[in-house]
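Trainee: Quick one: the structure is below, questions incoming.
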Amino acid sequence: MLASLAALSLVMPANPTHDYPYQPVPFTAVHWHDDFWAPRIETNRAVTIPYAFEQSEQTGRIENFKVAGGLSDQTWTGGFGFNDSDVSKIMEGAAYALVVQDDPRLDAYLDNLISWYAAAQEDDGYLYTLWTARNTVDDYDQVVCRPIKERWDNINMSHELYNVGHMYEAAVAHYLATGKRTFLDVAIRNADLICRVFNEGGRHDPPGHQEIEIGLAKLYRVTGDQKYLDTARFFLEQRGRPTETRKTYGPYSQDHVPVTEQTEAVGHAVRANYMYAGMADVAALANDPAYVDAIGVIWDNVVSKKLYLTGGVGARSAGEAYGENYELPNESAYAETCAAIANIYWNHRMFCLHGDAKYIDVMERSLYNGVLSGVALDGKTFFYDNPLSSSGQHQRSPWFGCACCPSNITRFLASVGGYMYAVRDEAIYVNLYGASTAEVPFGRQKVKLTQTTNYPWDGNVAIEVQPAFNSTFELRIRVPGWAQDRPIPSDLYAYDAPGHAPVVLTVNGEPAPSRPDEHGYIALDREWRQGDTVQLILPMPVRRVLSNDRVEANRGRVALERGPLVYCVEFADTPAARTHDLVLPDDAQISIEQRPDLLGGVTTLNFTARSVRAVDDDGHLSEVPVAVAAIPYNVWSHRGRGEMDVWLARSADKAIPIPAPTIASQAKASASGGDVRGVNDQRQPRNSNDHDSTWIHWWPRKGTTEWVQYDFAQPTTVRQCEVYFFDDTGRGECRVPASWRLLARDGDEWRQIANASAYTCEPDRYNTVTFDPVQTTALRLEVKLKEGWSTGIHEWRVK
């Protein structure tokens, strides 16, 4: 039973008719012994999973099941109706961890949780703690994402189906890990209810947030019950099809046109990618070529127009959504961790459908960059969004009110070995590289594959092949796109200088064909004997990456890669503790250095950049050579807050010069709330709604009086102030304030500035106030927020 547990949980149904032609090898068959993945997987098992359970206890997520089940006299706690799903995802990760290492304490803990799930389940199988415990909630109407007056009446946003989809996945994982049916029976009772309610003769509204489709497919695999697969397909078929009683949800939920007619990735990126993964499951299990074609077209759109270099997706914070084609901003990039994980799920399924390495290329890019950046090396802090540039406003958090990303990390990292190998007919596919031992179920035997390598820091990979008996089969070795002058399988990104050292492949020291086929693999078809060794050499030069010119944010900029890793420059590795000012000349020599003492052990890229600096206030600039080290993107933000950039300027006109010092920039800034560092960083916003700039805001405070303050090192004479307000009309709840005023410190008191000109509150420009010169040790800018609205400040200048 355990041999069937793969990263996709592609367990075989009782009577399989159709399935993925390329079957992944279960993660339980892969044992890491490297310095890269093994520590991360162990940290996830020993630290992140227990920590996530602890946070779920402290925030009431777990207690809510007891409340709904009548086992606790507490009130239902939380801000979101989908909080149940976080517990299920952590339980899925914990089940995977049990397979890897026996843990009686964790096993017993899961048994308790499952008993609380069973208690919270209503008689007919319904399971959604918020609704069941609604009478205990202090202010039910303030909970985000909830049913309104009855079950299912807000299915677009309530996440009732999303929650149970994650529960199905966790229940299947637990059953396969332990053989116990307790959790599986809870899931089946609920799924049977869903199938009775949602069908051709019943309700036709699909879930607002896709996920249940994946869970139902897994239930079908483990039970063989056709109705689960039929219901998964039913939900997909309802999208984009309004009825007399149902309006579609629109592009945000991929409900604007039928799924087989969609050609572009739109809307909420996690919803979208889960849907594409669910469509792949239905395509494989129901043998539906229309679904295969549709997700292929959408995949082309993402990879050619909407994929970040880091493998992240979803450009916009508004709606956590895909943007327009080529809309890939850096500092305001959302690139949610969950979306990157879902992108891996989708791309792995695309490989399982087609057997083409291009899908693994995209998957590997997300894996090493866009996903791993989402969790700190200690396993206890997390990124929700993953920008490609920062001015110091970004930092991992211990937890989130919406905790989908940490919980998703727990289940994903626990099963990462399941993406390494696959089998089909008489072939074994080697998709990922890392020091490990795997026992690959293959025909009538298990083939032991032992990889010896320092990947991803080194491209030399030795694979010892040990079949149980001499046998003939194909070993298909993936040659990554980055080793073939192709960062990704489209023209969205390209290396600046085509041409690469050849890939070298030998078997037992004898040269073997080294040119990959059209699907990205080198096929070694031979009789294999115990101890045969394949030696693969993937050259790993430092590569400069250029972006398609239609990506406005990257024009005139260059990024650095080595092997599967994307690099960035962080403030801690530059002399001035800045990065936005740096120019990487096209002719700069770049060397590599092994740094076992840095960030858990990394390879840095070292070079001389030019720092662009303002000489005066008249626009005169200088360029100063500075020594810089670039680090892998996935380990940034471990050394405090500060600037970071993936894309570096190639010329001075694309850099942001270090400004000449001003009264404001040298002042110590403080505020009544928010992150104040951007208010005097001298960065000029393009407009009030510029999310690539930096700002302080007081959201979610509304209608209050707030302040920002400058303290000067010595008494300073000032006569003018300019303030540029932050206003995110169309995206959020910040507007220019109702009014503002200036106060100067006089001894121990604050006095309003005398004889000031008009205090204007206009967006998209500096609002300037002049006044009689005053000498003071501090200035305070006081703002009165509009009723019902918050506000913010991009920059506050003083003369």
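The chains in the structure tokens are called A, B, ... from first to last as shown; in each chain the residues are counted from 1, and the ligands are counted from 1 in the order shown.
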Got a sec: who's within 12 Å of range 587-604 of chain A, counting only C-alpha atoms, leaving out chain neighbours fewer than 3 positions off, as an mmCIF file with C-alpha atoms, in the first residue's frame?

Mentor:
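Output file out36.cif is given in full below:
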```cif
data_model
loop_
_atom_site.group_PDB
_atom_site.id
_atom_site.type_symbol
_atom_site.label_atom_id
_atom_site.label_comp_id
_atom_site.auth_asym_id
_atom_site.auth_seq_id
_atom_site.Cartn_x
_atom_site.Cartn_y
_atom_site.Cartn_z
ATOM 1 C CA ASP A 35 23.347 18.655 2.129
ATOM 2 C CA PHE A 36 20.583 20.508 0.323
ATOM 3 C CA TRP A 37 17.274 18.661 0.499
ATOM 4 C CA PRO A 39 18.235 19.131 6.001
ATOM 5 C CA ARG A 40 15.212 20.979 4.643
ATOM 6 C CA ALA A 376 13.150 30.247 6.330
ATOM 7 C CA LEU A 377 16.019 27.856 6.947
ATOM 8 C CA ASP A 378 14.881 27.398 10.550
ATOM 9 C CA ASN A 454 26.601 17.982 -4.925
ATOM 10 C CA TYR A 455 23.691 19.279 -6.997
ATOM 11 C CA PRO A 456 22.510 22.088 -7.203
ATOM 12 C CA TRP A 457 25.964 23.517 -6.442
ATOM 13 C CA ASP A 458 27.672 21.202 -8.911
ATOM 14 C CA ASP A 496 22.612 36.947 -23.165
ATOM 15 C CA ALA A 497 25.294 34.846 -24.851
ATOM 16 C CA MET A 540 27.240 25.118 -14.618
ATOM 17 C CA PRO A 541 28.624 28.445 -15.809
ATOM 18 C CA VAL A 542 27.166 31.660 -14.453
ATOM 19 C CA ARG A 543 24.534 32.805 -16.923
ATOM 20 C CA ARG A 544 23.214 36.310 -17.513
ATOM 21 C CA LEU A 560 22.015 35.919 -12.825
ATOM 22 C CA GLU A 561 21.560 32.160 -12.722
ATOM 23 C CA ARG A 562 23.750 29.166 -12.088
ATOM 24 C CA GLY A 563 22.291 25.743 -12.659
ATOM 25 C CA LEU A 565 19.258 28.556 -8.980
ATOM 26 C CA VAL A 566 18.245 32.159 -9.540
ATOM 27 C CA TYR A 567 20.460 34.651 -7.704
ATOM 28 C CA CYS A 568 19.823 38.022 -6.116
ATOM 29 C CA VAL A 569 21.897 40.785 -4.565
ATOM 30 C CA GLU A 570 20.966 41.664 -0.993
ATOM 31 C CA ALA A 572 24.083 42.662 3.427
ATOM 32 C CA ASP A 573 26.520 41.886 0.603
ATOM 33 C CA VAL A 583 24.914 48.504 -12.246
ATOM 34 C CA LEU A 584 26.192 45.134 -13.430
ATOM 35 C CA PHE A 607 31.778 40.581 -9.108
ATOM 36 C CA THR A 608 32.570 44.278 -9.236
ATOM 37 C CA ALA A 609 29.501 46.423 -9.812
ATOM 38 C CA ARG A 610 29.173 50.179 -10.173
ATOM 39 C CA PRO A 625 33.244 50.509 -8.274
ATOM 40 C CA VAL A 626 32.067 48.243 -5.442
ATOM 41 C CA ALA A 627 32.618 44.578 -4.624
ATOM 42 C CA VAL A 628 29.342 42.648 -4.541
ATOM 43 C CA ALA A 629 28.284 39.073 -3.823
ATOM 44 C CA ALA A 630 25.049 37.540 -5.123
ATOM 45 C CA ILE A 631 23.292 34.798 -3.136
ATOM 46 C CA PRO A 632 20.651 32.259 -4.137
ATOM 47 C CA TYR A 633 17.234 33.917 -4.140
ATOM 48 C CA ASN A 634 15.753 31.160 -2.003
ATOM 49 C CA VAL A 635 17.791 32.207 1.064
ATOM 50 C CA TRP A 636 17.352 35.978 0.959
ATOM 51 C CA SER A 637 15.884 37.846 3.964
ATOM 52 C CA HIS A 638 17.719 35.914 6.681
ATOM 53 C CA ARG A 639 19.901 38.827 7.796
ATOM 54 C CA ARG A 650 22.889 47.198 -17.006
ATOM 55 C CA SER A 651 23.438 50.964 -17.256
#
```

Trainee: Leaving out Pro251 in chain A and any residue of its chain fewer than 2 positions from it, which residues lie within 12 Å of it when counting only C-alpha atoms, given as a list in words?

Mentor: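 Final neighbour list, sorted by chain and number: Gly208, Arg239, Gly240, Thr248, Tyr249, Ser253, Gln254, Asp255, His256, Val257, Pro258, Val259, Gln262, Thr263, Glu264, Ala265, Val266, Gly267, His268, Ala269, Arg271, Ala272, Gly319, Ala321, Tyr322 and Gly323 of chain A.
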
Trainee: Neighbouring residues of Lys247 in chain A were defined as those with any atom within 9 Å, considering only C-alpha atoms; residues of the same chain fewer than 5 positions away were excluded. Please report them as a VMD selection string.

Mentor: chain A and resid 205 241 to 242

Trainee: Do a neighbour search on Gly70 in chain A at 10 Å with only C-alpha atoms, toss out local chain neighbours closer than 4 positions, and write the hits as a count of residues only.

Mentor: 9
